[in-house]
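Colleague: So here's data09.cif (mmCIF, C-alpha atoms and all ligand atoms).
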data_structure
loop_
_atom_site.label_atom_id
_atom_site.label_comp_id
_atom_site.auth_asym_id
_atom_site.auth_seq_id
_atom_site.Cartn_x
_atom_site.Cartn_y
_atom_site.Cartn_z
CA MET A 1 -114.82 -91.84 102.49
CA LEU A 2 -115.75 -91.42 98.83
CA ARG A 3 -113.98 -92.98 95.91
CA ALA A 4 -115.06 -92.91 92.28
CA GLU A 5 -113.11 -94.62 89.55
CA SER A 6 -113.45 -94.11 85.79
CA LEU A 7 -117.15 -93.22 85.85
CA CYS A 8 -118.80 -93.04 82.45
CA LYS A 9 -122.42 -92.11 81.78
CA THR A 10 -124.13 -91.49 78.45
CA TYR A 11 -127.75 -90.37 78.21
CA GLY A 12 -129.78 -91.44 75.16
CA ARG A 13 -128.62 -93.25 72.06
CA GLY A 14 -127.45 -92.70 68.52
CA ALA A 15 -127.64 -89.13 67.28
CA LYS A 16 -129.22 -88.03 70.59
CA ALA A 17 -126.49 -89.52 72.79
CA VAL A 18 -124.91 -87.14 75.31
CA ARG A 19 -121.77 -88.27 77.11
CA ALA A 20 -122.31 -86.64 80.51
CA LEU A 21 -119.45 -88.34 82.39
CA SER A 22 -116.25 -89.45 80.78
CA GLU A 23 -113.71 -91.42 82.83
CA VAL A 24 -114.31 -89.40 86.00
CA SER A 25 -112.17 -90.39 88.99
CA LEU A 26 -112.36 -88.62 92.30
CA SER A 27 -111.67 -89.23 96.00
CA VAL A 28 -112.86 -87.24 98.99
CA ASP A 29 -111.54 -87.94 102.49
CA ALA A 30 -113.47 -87.76 105.74
CA GLY A 31 -113.49 -84.17 106.98
CA GLN A 32 -113.04 -82.62 103.53
CA PHE A 33 -115.21 -79.90 102.04
CA VAL A 34 -114.85 -80.02 98.25
CA LEU A 35 -116.41 -77.76 95.61
CA VAL A 36 -117.41 -78.89 92.12
CA ARG A 37 -117.40 -76.21 89.46
CA GLY A 38 -117.91 -76.02 85.71
CA ALA A 39 -120.08 -74.62 82.92
CA SER A 40 -123.76 -75.48 82.65
CA GLY A 41 -124.20 -78.91 81.10
CA CYS A 42 -120.69 -80.17 81.94
CA GLY A 43 -122.05 -83.05 84.08
CA LYS A 44 -122.03 -81.78 87.67
CA THR A 45 -125.54 -82.93 88.59
CA THR A 46 -124.98 -86.23 86.77
CA LEU A 47 -121.84 -86.73 88.86
CA LEU A 48 -123.68 -86.03 92.12
CA LEU A 49 -126.55 -88.37 91.21
CA THR A 50 -124.06 -91.10 90.35
CA LEU A 51 -122.07 -90.62 93.57
CA GLY A 52 -125.36 -90.44 95.49
CA ALA A 53 -126.56 -93.93 94.58
CA MET A 54 -129.39 -92.51 92.45
CA LEU A 55 -128.04 -93.06 88.93
CA ALA A 56 -125.92 -96.09 88.02
CA PRO A 57 -122.93 -95.31 85.82
CA ASP A 58 -122.56 -97.22 82.53
CA SER A 59 -119.11 -98.24 83.71
CA GLY A 60 -116.74 -97.44 86.54
CA ARG A 61 -117.09 -97.82 90.25
CA VAL A 62 -118.39 -95.79 93.22
CA GLU A 63 -117.52 -96.55 96.84
CA VAL A 64 -118.90 -94.75 99.87
CA GLY A 65 -117.25 -95.82 103.12
CA GLY A 66 -116.10 -99.00 101.38
CA THR A 67 -119.51 -99.98 99.95
CA ASP A 68 -120.42 -99.90 96.27
CA PRO A 69 -124.12 -98.95 96.37
CA TYR A 70 -124.73 -100.32 92.88
CA THR A 71 -123.98 -103.86 94.06
CA LEU A 72 -126.99 -103.62 96.44
CA ASN A 73 -130.58 -104.45 95.49
CA ASP A 74 -133.09 -101.57 95.24
CA GLU A 75 -134.31 -101.84 98.83
CA ALA A 76 -130.83 -102.07 100.33
CA ARG A 77 -129.67 -99.18 98.15
CA ALA A 78 -132.59 -97.03 99.33
CA GLY A 79 -131.63 -97.82 102.93
CA PHE A 80 -128.01 -97.00 102.17
CA ARG A 81 -129.03 -93.60 100.75
CA ALA A 82 -131.28 -92.82 103.69
CA THR A 83 -128.73 -93.65 106.38
CA ARG A 84 -125.34 -92.85 104.84
CA LEU A 85 -126.03 -89.97 102.45
CA GLY A 86 -127.43 -86.47 102.81
CA PHE A 87 -128.72 -84.40 99.88
CA VAL A 88 -129.33 -80.68 99.54
CA PHE A 89 -130.76 -79.27 96.31
CA GLN A 90 -131.26 -75.79 94.88
CA GLN A 91 -135.05 -76.34 94.90
CA PHE A 92 -135.25 -77.67 98.53
CA TYR A 93 -137.85 -80.43 97.83
CA LEU A 94 -139.68 -80.02 101.13
CA ILE A 95 -142.97 -81.87 101.58
CA PRO A 96 -145.66 -79.15 101.28
CA TYR A 97 -148.23 -80.62 103.69
CA LEU A 98 -145.74 -81.25 106.53
CA ASN A 99 -144.61 -78.55 108.95
CA VAL A 100 -140.97 -77.74 109.69
CA ARG A 101 -140.60 -80.25 112.50
CA GLU A 102 -142.22 -83.00 110.42
CA ASN A 103 -140.17 -82.19 107.31
CA VAL A 104 -136.98 -82.74 109.31
CA ALA A 105 -138.23 -85.68 111.38
CA CYS A 106 -139.57 -87.58 108.35
CA ALA A 107 -135.98 -88.32 107.28
CA ALA A 108 -135.40 -90.39 110.44
CA VAL A 109 -134.67 -94.03 109.75
CA LYS A 110 -135.56 -96.76 112.21
CA GLY A 111 -132.50 -98.36 113.75
CA THR A 112 -130.32 -95.26 113.36
CA ASN A 113 -129.95 -92.34 115.71
CA GLY A 114 -131.83 -90.05 113.30
CA GLY A 115 -134.28 -88.03 115.34
CA GLY A 116 -133.17 -89.64 118.58
CA ASP A 117 -131.66 -87.70 121.49
CA GLY A 118 -133.55 -84.56 120.49
CA ARG A 119 -131.55 -84.26 117.28
CA VAL A 120 -134.53 -82.88 115.31
CA GLU A 121 -134.93 -79.99 117.76
CA GLU A 122 -131.16 -79.48 118.04
CA LEU A 123 -130.78 -79.08 114.26
CA ILE A 124 -133.85 -76.87 113.97
CA ALA A 125 -132.42 -74.61 116.69
CA ARG A 126 -128.93 -74.69 115.14
CA PHE A 127 -130.41 -73.24 111.95
CA GLY A 128 -132.47 -70.63 113.78
CA LEU A 129 -135.88 -72.17 113.01
CA GLU A 130 -137.12 -72.83 116.55
CA GLY A 131 -139.78 -70.14 116.09
CA ARG A 132 -141.09 -71.81 112.91
CA LEU A 133 -141.76 -75.39 114.08
CA GLU A 134 -145.42 -75.44 113.05
CA HIS A 135 -144.97 -73.53 109.78
CA ARG A 136 -145.45 -75.26 106.46
CA PRO A 137 -143.03 -74.64 103.57
CA ALA A 138 -145.41 -72.18 101.85
CA GLU A 139 -145.25 -70.03 105.01
CA LEU A 140 -141.44 -69.85 105.05
CA SER A 141 -138.96 -67.54 103.35
CA THR A 142 -136.63 -69.02 100.73
CA GLY A 143 -133.66 -69.01 103.10
CA GLU A 144 -135.72 -70.66 105.84
CA LYS A 145 -136.76 -73.42 103.42
CA GLN A 146 -133.15 -74.21 102.59
CA ARG A 147 -132.23 -74.30 106.29
CA VAL A 148 -135.03 -76.85 106.86
CA ALA A 149 -133.67 -78.92 103.96
CA LEU A 150 -130.19 -78.72 105.50
CA ALA A 151 -131.45 -79.91 108.90
CA ARG A 152 -133.22 -82.80 107.18
CA ALA A 153 -130.07 -83.74 105.23
CA LEU A 154 -127.93 -83.88 108.37
CA LEU A 155 -130.44 -85.68 110.60
CA ASN A 156 -129.02 -89.20 110.28
CA ARG A 157 -125.39 -88.01 110.51
CA PRO A 158 -124.61 -89.01 106.90
CA ARG A 159 -121.03 -89.88 106.03
CA LEU A 160 -121.33 -88.20 102.63
CA VAL A 161 -123.25 -84.99 101.91
CA LEU A 162 -123.98 -83.98 98.32
CA ALA A 163 -125.21 -80.44 97.73
CA ASP A 164 -126.22 -79.31 94.22
CA GLU A 165 -126.09 -75.50 94.02
CA PRO A 166 -127.61 -75.17 97.50
CA THR A 167 -127.02 -71.40 97.57
CA GLY A 168 -128.38 -70.77 94.07
CA ASN A 169 -131.65 -69.23 95.26
CA LEU A 170 -130.44 -67.60 98.49
CA ASP A 171 -129.51 -64.12 99.66
CA GLU A 172 -126.01 -63.40 100.97
CA ALA A 173 -126.70 -64.09 104.66
CA ASN A 174 -128.51 -67.39 104.08
CA ALA A 175 -125.92 -68.50 101.53
CA GLN A 176 -123.18 -67.87 104.11
CA THR A 177 -125.12 -69.87 106.71
CA VAL A 178 -125.53 -72.84 104.37
CA VAL A 179 -121.88 -72.93 103.27
CA LYS A 180 -120.61 -72.56 106.83
CA ALA A 181 -122.94 -75.34 108.02
CA LEU A 182 -121.70 -77.71 105.30
CA LYS A 183 -118.07 -76.93 106.01
CA ASP A 184 -118.53 -77.25 109.79
CA TYR A 185 -120.33 -80.54 109.30
CA ALA A 186 -117.36 -81.94 107.34
CA ARG A 187 -114.95 -80.79 110.05
CA GLU A 188 -116.91 -81.67 113.17
CA ASP A 189 -118.61 -84.89 112.10
CA GLY A 190 -115.77 -86.10 109.88
CA ALA A 191 -117.99 -86.43 106.83
CA ALA A 192 -117.10 -85.94 103.18
CA VAL A 193 -118.99 -82.97 101.71
CA LEU A 194 -119.25 -82.18 98.00
CA MET A 195 -120.92 -78.94 96.91
CA VAL A 196 -121.66 -77.87 93.33
CA THR A 197 -121.53 -74.11 92.89
CA HIS A 198 -121.09 -71.44 90.24
CA ASP A 199 -120.21 -68.87 92.85
CA PRO A 200 -116.48 -68.07 93.20
CA ARG A 201 -117.10 -66.55 96.66
CA TRP A 202 -117.02 -69.99 98.29
CA GLU A 203 -113.69 -71.09 96.86
CA ALA A 204 -111.75 -69.76 99.85
CA ALA A 205 -113.76 -72.05 102.16
CA ALA A 206 -112.98 -75.21 100.18
CA ASP A 207 -110.25 -77.76 100.83
CA ARG A 208 -110.22 -78.55 97.12
CA ILE A 209 -111.96 -77.46 93.94
CA VAL A 210 -112.88 -80.00 91.29
CA CYS A 211 -113.25 -78.39 87.85
CA MET A 212 -115.32 -80.15 85.20
CA GLU A 213 -115.52 -79.60 81.45
CA TYR A 214 -117.51 -81.66 78.93
CA GLY A 215 -118.00 -84.56 81.34
CA ARG A 216 -114.38 -84.72 82.45
CA VAL A 217 -112.60 -83.67 85.62
CA LEU A 218 -109.75 -81.33 84.69
N1 LIG B 301 -132.07 -87.24 81.81
C1 LIG B 301 -131.30 -86.80 80.80
N2 LIG B 301 -131.49 -87.26 79.54
C2 LIG B 301 -130.71 -86.84 78.53
N3 LIG B 301 -129.70 -85.95 78.65
C3 LIG B 301 -129.47 -85.45 79.87
C4 LIG B 301 -130.26 -85.84 81.02
N4 LIG B 301 -129.80 -85.20 82.10
C5 LIG B 301 -128.77 -84.42 81.67
N5 LIG B 301 -128.56 -84.57 80.34
C6 LIG B 301 -127.49 -83.94 79.54
O1 LIG B 301 -126.26 -84.30 80.14
C7 LIG B 301 -125.37 -83.19 80.24
C8 LIG B 301 -124.96 -83.00 81.69
O2 LIG B 301 -126.10 -82.57 82.44
P1 LIG B 301 -126.00 -82.14 83.97
O3 LIG B 301 -127.37 -81.88 84.43
O4 LIG B 301 -125.19 -83.15 84.69
O5 LIG B 301 -125.17 -80.77 83.86
P2 LIG B 301 -124.78 -79.70 84.98
O6 LIG B 301 -123.31 -79.53 84.93
O7 LIG B 301 -125.38 -80.09 86.28
O8 LIG B 301 -125.47 -78.36 84.43
P3 LIG B 301 -126.14 -77.11 85.25
O9 LIG B 301 -124.98 -76.28 85.77
O10 LIG B 301 -126.90 -76.38 84.19
O11 LIG B 301 -127.00 -77.67 86.32
C9 LIG B 301 -126.12 -82.01 79.65
O12 LIG B 301 -125.61 -81.77 78.35
C10 LIG B 301 -127.57 -82.43 79.60
O13 LIG B 301 -128.22 -81.91 78.46
MG MG B 302 -126.84 -79.24 87.50
#
Here is a file; write its structure as structure tokens.
Ligand SMILES: Nc1ncnc2c1ncn2[C@@H]1O[C@H](COP(=O)(O)OP(=O)(O)OP(=O)(O)O)[C@@H](O)[C@H]1O
Ligand SMILES: [Mg+2]
Modeller:
Amino acid sequence: MLRAESLCKTYGRGAKAVRALSEVSLSVDAGQFVLVRGASGCGKTTLLLTLGAMLAPDSGRVEVGGTDPYTLNDEARAGFRATRLGFVFQQFYLIPYLNVRENVACAAVKGTNGGGDGRVEELIARFGLEGRLEHRPAELSTGEKQRVALARALLNRPRLVLADEPTGNLDEANAQTVVKALKDYAREDGAAVLMVTHDPRWEAAADRIVCMEYGRVL
């Protein structure tokens, strides 16, 4: 489902240059739940952005379901991200002036099944938010916000889900819910799921753990 070959990425130039990815190769099969681990600054977020069609590598190749998103023009790449990829971040990035239902539904893309067949309501109920449909993000708890973000990420049945420390701000119960949902999604929908975490508690749930150090996969 996901294949990355020899990815290199350097930020800045000259004395300020930081080599964030150095010859990173990685494959994740459909149905796999994979953790990415490593010290702060080792390149985890850079890797997810590069795999997620948001940051072109300087060299190397990314393929998601057989497509290299960096061969597409900007518009096609945006469509590719919206329909094939799901993102979950530590800071949620909900839209403040939309309520819960709208925050999930706004991810729907015309021509896909996103939002169709009552999927918005199904996901909202799956994450226990059916009593919060009209709430705005400022009226939600931290754990509720992340569950809204998760419902939004899964709306279009993405083939690849990228989660960057999604449990970083959550209490134990909500963190468990998020990890279980990501793992179940990989299993049941046959997606590839990659989750960055510093928390060793989730290692037992993973099919594989990718360890990074100084921009390299160990
Ligand atoms: N936009 C940028 N411009 C310049 N340098 C950057 C930029 N983004 C990240 N870096 C540098 O690249 C390296 C990798 O950063 P990255 O954010 O990928 O690390 P990380 O493993 O996600 O760290 P953390 O666990 O703290 O989130 C760091 O040394 C960082 O300082
Ligand atoms: Mg990071």
Colleague: Counting only C-alpha atoms and all ligand atoms, what residues are within 9 Å of ligand MG 302 (chain B), given as JSON, numbers by chain?
Modeller: {"A": [40, 41, 42, 43, 44, 45, 46, 48, 164, 165, 196]}
Colleague: Considering all atoms listed in the file, state which residue in the set A:Arg84, A:Lys145, A:Arg136, A:Arg13 is at the smallest distance from ligand LIG 301 (chain B).
Modeller: A:Arg13
Colleague: Between A:Gly215, A:Pro158, A:Gly66, A:Gly14, which residue has the minimum interatomic distance to ligand LIG 301 (chain B), considering all atoms listed in the file?
Modeller: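 Closest candidate: A:Gly215.
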Colleague: I'd like to know which of A:Val178, A:Asp68, A:Arg19, A:Arg201 is closest to Leu150 (chain A), using only C-alpha atoms.
Modeller: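 Of the candidates, the smallest distance to Leu150 (chain A) is held by A:Val178.
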Colleague: Enter the distance from CA of Ala20 (chain A) to atom C8 of ligand LIG 301 (chain B), in Å, rounded to one decimal.
Modeller: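 Value for the CA of Ala20 (chain A)-atom C8 of ligand LIG 301 (chain B) distance: 4.7 Å.
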Colleague: One decimal, in Å: what's the spacing between CA of Asn174 (chain A) and CA of Asn103 (chain A)?
Modeller: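 That distance, rounded to one decimal, is 19.1 Å.
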Colleague: Between CA of Met212 (chain A) and atom O6 of ligand LIG 301 (chain B), what is the distance, to one decimal in Å?
Modeller: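 Between CA of Met212 (chain A) and atom O6 of ligand LIG 301 (chain B) the gap works out to 8.0 Å.
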Colleague: Within 6 Å of Ala30 (chain A), counting only C-alpha atoms, which residues show up once you throw out same-chain ones fewer than 6 positions away? Write them as a ChimeraX atom specification, please.
Modeller: /A:1,190-192
Colleague: Just the residues within 9 Å of Gln32 (chain A), please, counting only C-alpha atoms, with nothing from its chain fewer than 5 positions along; format it as a PDB file with C-alpha atoms, keeping the file's coordinate frame.
Modeller:
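Output contents, as saved in selection-v2.pdb:
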ATOM      1  CA  LYS A 183    -118.070 -76.930 106.010  1.00  0.00           C
ATOM      2  CA  ALA A 186    -117.360 -81.940 107.340  1.00  0.00           C
ATOM      3  CA  ARG A 187    -114.950 -80.790 110.050  1.00  0.00           C
ATOM      4  CA  GLY A 190    -115.770 -86.100 109.880  1.00  0.00           C
ATOM      5  CA  ALA A 191    -117.990 -86.430 106.830  1.00  0.00           C
ATOM      6  CA  ALA A 192    -117.100 -85.940 103.180  1.00  0.00           C
ATOM      7  CA  VAL A 193    -118.990 -82.970 101.710  1.00  0.00           C
ATOM      8  CA  LEU A 194    -119.250 -82.180  98.000  1.00  0.00           C
ATOM      9  CA  ALA A 206    -112.980 -75.210 100.180  1.00  0.00           C
ATOM     10  CA  ASP A 207    -110.250 -77.760 100.830  1.00  0.00           C
ATOM     11  CA  ARG A 208    -110.220 -78.550  97.120  1.00  0.00           C
TER      12      ARG A 208
END
Colleague: Find the residues around region 88-99 of chain A up to 8 Å (all atoms listed in the file counted), leave out those fewer than 5 positions away in its own chain, and share them as a list in words.
Modeller: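 In the requested format, the answer is Leu133, Glu134, His135, Arg136, Pro137, Ala138, Lys145, Gln146, Ala149, Leu150, Ala153, Val161, Leu162, Ala163, Asp164, Glu165, Pro166, Thr167, Gly168 and Asn169 of chain A.
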Colleague: Do you know which residues lie at most 12 Å from (-130.2, -100.4, 93.8), with coordinates as in the file and all atoms listed in the file counted, and could you write them as a PDB file with C-alpha atoms, in the coordinates of the input?
Modeller:
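The file below, out15.pdb, is the result:
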ATOM      1  CA  THR A  50    -124.060 -91.100  90.350  1.00  0.00           C
ATOM      2  CA  GLY A  52    -125.360 -90.440  95.490  1.00  0.00           C
ATOM      3  CA  ALA A  53    -126.560 -93.930  94.580  1.00  0.00           C
ATOM      4  CA  MET A  54    -129.390 -92.510  92.450  1.00  0.00           C
ATOM      5  CA  LEU A  55    -128.040 -93.060  88.930  1.00  0.00           C
ATOM      6  CA  ALA A  56    -125.920 -96.090  88.020  1.00  0.00           C
ATOM      7  CA  PRO A  57    -122.930 -95.310  85.820  1.00  0.00           C
ATOM      8  CA  ASP A  68    -120.420 -99.900  96.270  1.00  0.00           C
ATOM      9  CA  PRO A  69    -124.120 -98.950  96.370  1.00  0.00           C
ATOM     10  CA  TYR A  70    -124.730-100.320  92.880  1.00  0.00           C
ATOM     11  CA  THR A  71    -123.980-103.860  94.060  1.00  0.00           C
ATOM     12  CA  LEU A  72    -126.990-103.620  96.440  1.00  0.00           C
ATOM     13  CA  ASN A  73    -130.580-104.450  95.490  1.00  0.00           C
ATOM     14  CA  ASP A  74    -133.090-101.570  95.240  1.00  0.00           C
ATOM     15  CA  GLU A  75    -134.310-101.840  98.830  1.00  0.00           C
ATOM     16  CA  ALA A  76    -130.830-102.070 100.330  1.00  0.00           C
ATOM     17  CA  ARG A  77    -129.670 -99.180  98.150  1.00  0.00           C
ATOM     18  CA  ALA A  78    -132.590 -97.030  99.330  1.00  0.00           C
ATOM     19  CA  GLY A  79    -131.630 -97.820 102.930  1.00  0.00           C
ATOM     20  CA  PHE A  80    -128.010 -97.000 102.170  1.00  0.00           C
ATOM     21  CA  ARG A  81    -129.030 -93.600 100.750  1.00  0.00           C
TER      22      ARG A  81
END
Colleague: Since fewer atoms than expected are present, regenerate all heavy atoms for region 26-37 of chain A and write them as a short mmCIF file (atom, residue, chain, number, x, y, z; two decimals), keeping the file's coordinate frame.
Modeller:
data_model
loop_
_atom_site.label_atom_id
_atom_site.label_comp_id
_atom_site.auth_asym_id
_atom_site.auth_seq_id
_atom_site.Cartn_x
_atom_site.Cartn_y
_atom_site.Cartn_z
N LEU A 26 -112.29 -89.65 91.27
CA LEU A 26 -112.36 -88.62 92.30
C LEU A 26 -112.34 -89.30 93.66
O LEU A 26 -112.97 -90.33 93.84
CB LEU A 26 -113.70 -87.92 92.11
CG LEU A 26 -114.17 -86.83 93.03
CD1 LEU A 26 -113.45 -85.56 92.67
CD2 LEU A 26 -115.67 -86.62 92.83
N SER A 27 -111.60 -88.72 94.63
CA SER A 27 -111.67 -89.23 96.00
C SER A 27 -111.88 -88.05 96.94
O SER A 27 -111.32 -86.98 96.72
CB SER A 27 -110.37 -89.91 96.41
OG SER A 27 -110.18 -91.06 95.64
N VAL A 28 -112.69 -88.26 97.96
CA VAL A 28 -112.86 -87.24 98.99
C VAL A 28 -112.68 -87.92 100.35
O VAL A 28 -113.33 -88.94 100.63
CB VAL A 28 -114.24 -86.55 98.92
CG1 VAL A 28 -114.33 -85.44 99.96
CG2 VAL A 28 -114.50 -85.99 97.53
N ASP A 29 -111.80 -87.37 101.17
CA ASP A 29 -111.54 -87.94 102.49
C ASP A 29 -112.56 -87.47 103.51
O ASP A 29 -113.19 -86.41 103.33
CB ASP A 29 -110.15 -87.51 102.98
CG ASP A 29 -109.03 -88.14 102.17
OD1 ASP A 29 -109.28 -89.20 101.57
OD2 ASP A 29 -107.94 -87.56 102.14
N ALA A 30 -112.67 -88.19 104.60
CA ALA A 30 -113.47 -87.76 105.74
C ALA A 30 -112.96 -86.40 106.20
O ALA A 30 -111.75 -86.17 106.25
CB ALA A 30 -113.35 -88.78 106.87
N GLY A 31 -113.88 -85.49 106.49
CA GLY A 31 -113.49 -84.17 106.98
C GLY A 31 -113.25 -83.14 105.90
O GLY A 31 -113.01 -81.98 106.19
N GLN A 32 -113.32 -83.56 104.63
CA GLN A 32 -113.04 -82.62 103.53
C GLN A 32 -114.30 -81.97 102.99
O GLN A 32 -115.35 -82.61 102.83
CB GLN A 32 -112.34 -83.34 102.38
CG GLN A 32 -110.85 -83.52 102.60
CD GLN A 32 -110.14 -83.86 101.30
OE1 GLN A 32 -110.66 -84.59 100.46
NE2 GLN A 32 -108.92 -83.35 101.15
N PHE A 33 -114.15 -80.68 102.68
CA PHE A 33 -115.21 -79.90 102.04
C PHE A 33 -114.71 -79.55 100.64
O PHE A 33 -113.76 -78.77 100.48
CB PHE A 33 -115.48 -78.64 102.86
CG PHE A 33 -116.50 -77.71 102.28
CD1 PHE A 33 -117.79 -78.16 101.98
CD2 PHE A 33 -116.19 -76.38 102.04
CE1 PHE A 33 -118.74 -77.30 101.44
CE2 PHE A 33 -117.15 -75.51 101.51
CZ PHE A 33 -118.41 -75.97 101.21
N VAL A 34 -115.34 -80.14 99.62
CA VAL A 34 -114.85 -80.02 98.25
C VAL A 34 -115.91 -79.36 97.37
O VAL A 34 -117.10 -79.72 97.44
CB VAL A 34 -114.49 -81.43 97.70
CG1 VAL A 34 -114.13 -81.38 96.23
CG2 VAL A 34 -113.34 -82.02 98.52
N LEU A 35 -115.49 -78.41 96.55
CA LEU A 35 -116.41 -77.76 95.61
C LEU A 35 -116.29 -78.39 94.23
O LEU A 35 -115.19 -78.80 93.84
CB LEU A 35 -116.08 -76.27 95.46
CG LEU A 35 -116.25 -75.35 96.66
CD1 LEU A 35 -116.10 -73.90 96.21
CD2 LEU A 35 -117.59 -75.56 97.34
N VAL A 36 -117.41 -78.44 93.50
CA VAL A 36 -117.41 -78.89 92.12
C VAL A 36 -117.90 -77.73 91.27
O VAL A 36 -118.95 -77.14 91.55
CB VAL A 36 -118.35 -80.10 91.91
CG1 VAL A 36 -118.31 -80.54 90.45
CG2 VAL A 36 -117.96 -81.24 92.82
N ARG A 37 -117.14 -77.39 90.25
CA ARG A 37 -117.40 -76.21 89.46
C ARG A 37 -117.32 -76.56 87.98
O ARG A 37 -116.66 -77.52 87.62
CB ARG A 37 -116.27 -75.24 89.80
CG ARG A 37 -116.49 -73.83 89.52
CD ARG A 37 -115.25 -73.05 89.91
NE ARG A 37 -114.20 -73.23 88.91
CZ ARG A 37 -113.01 -72.65 89.02
NH1 ARG A 37 -112.70 -71.93 90.08
NH2 ARG A 37 -112.11 -72.83 88.08
#
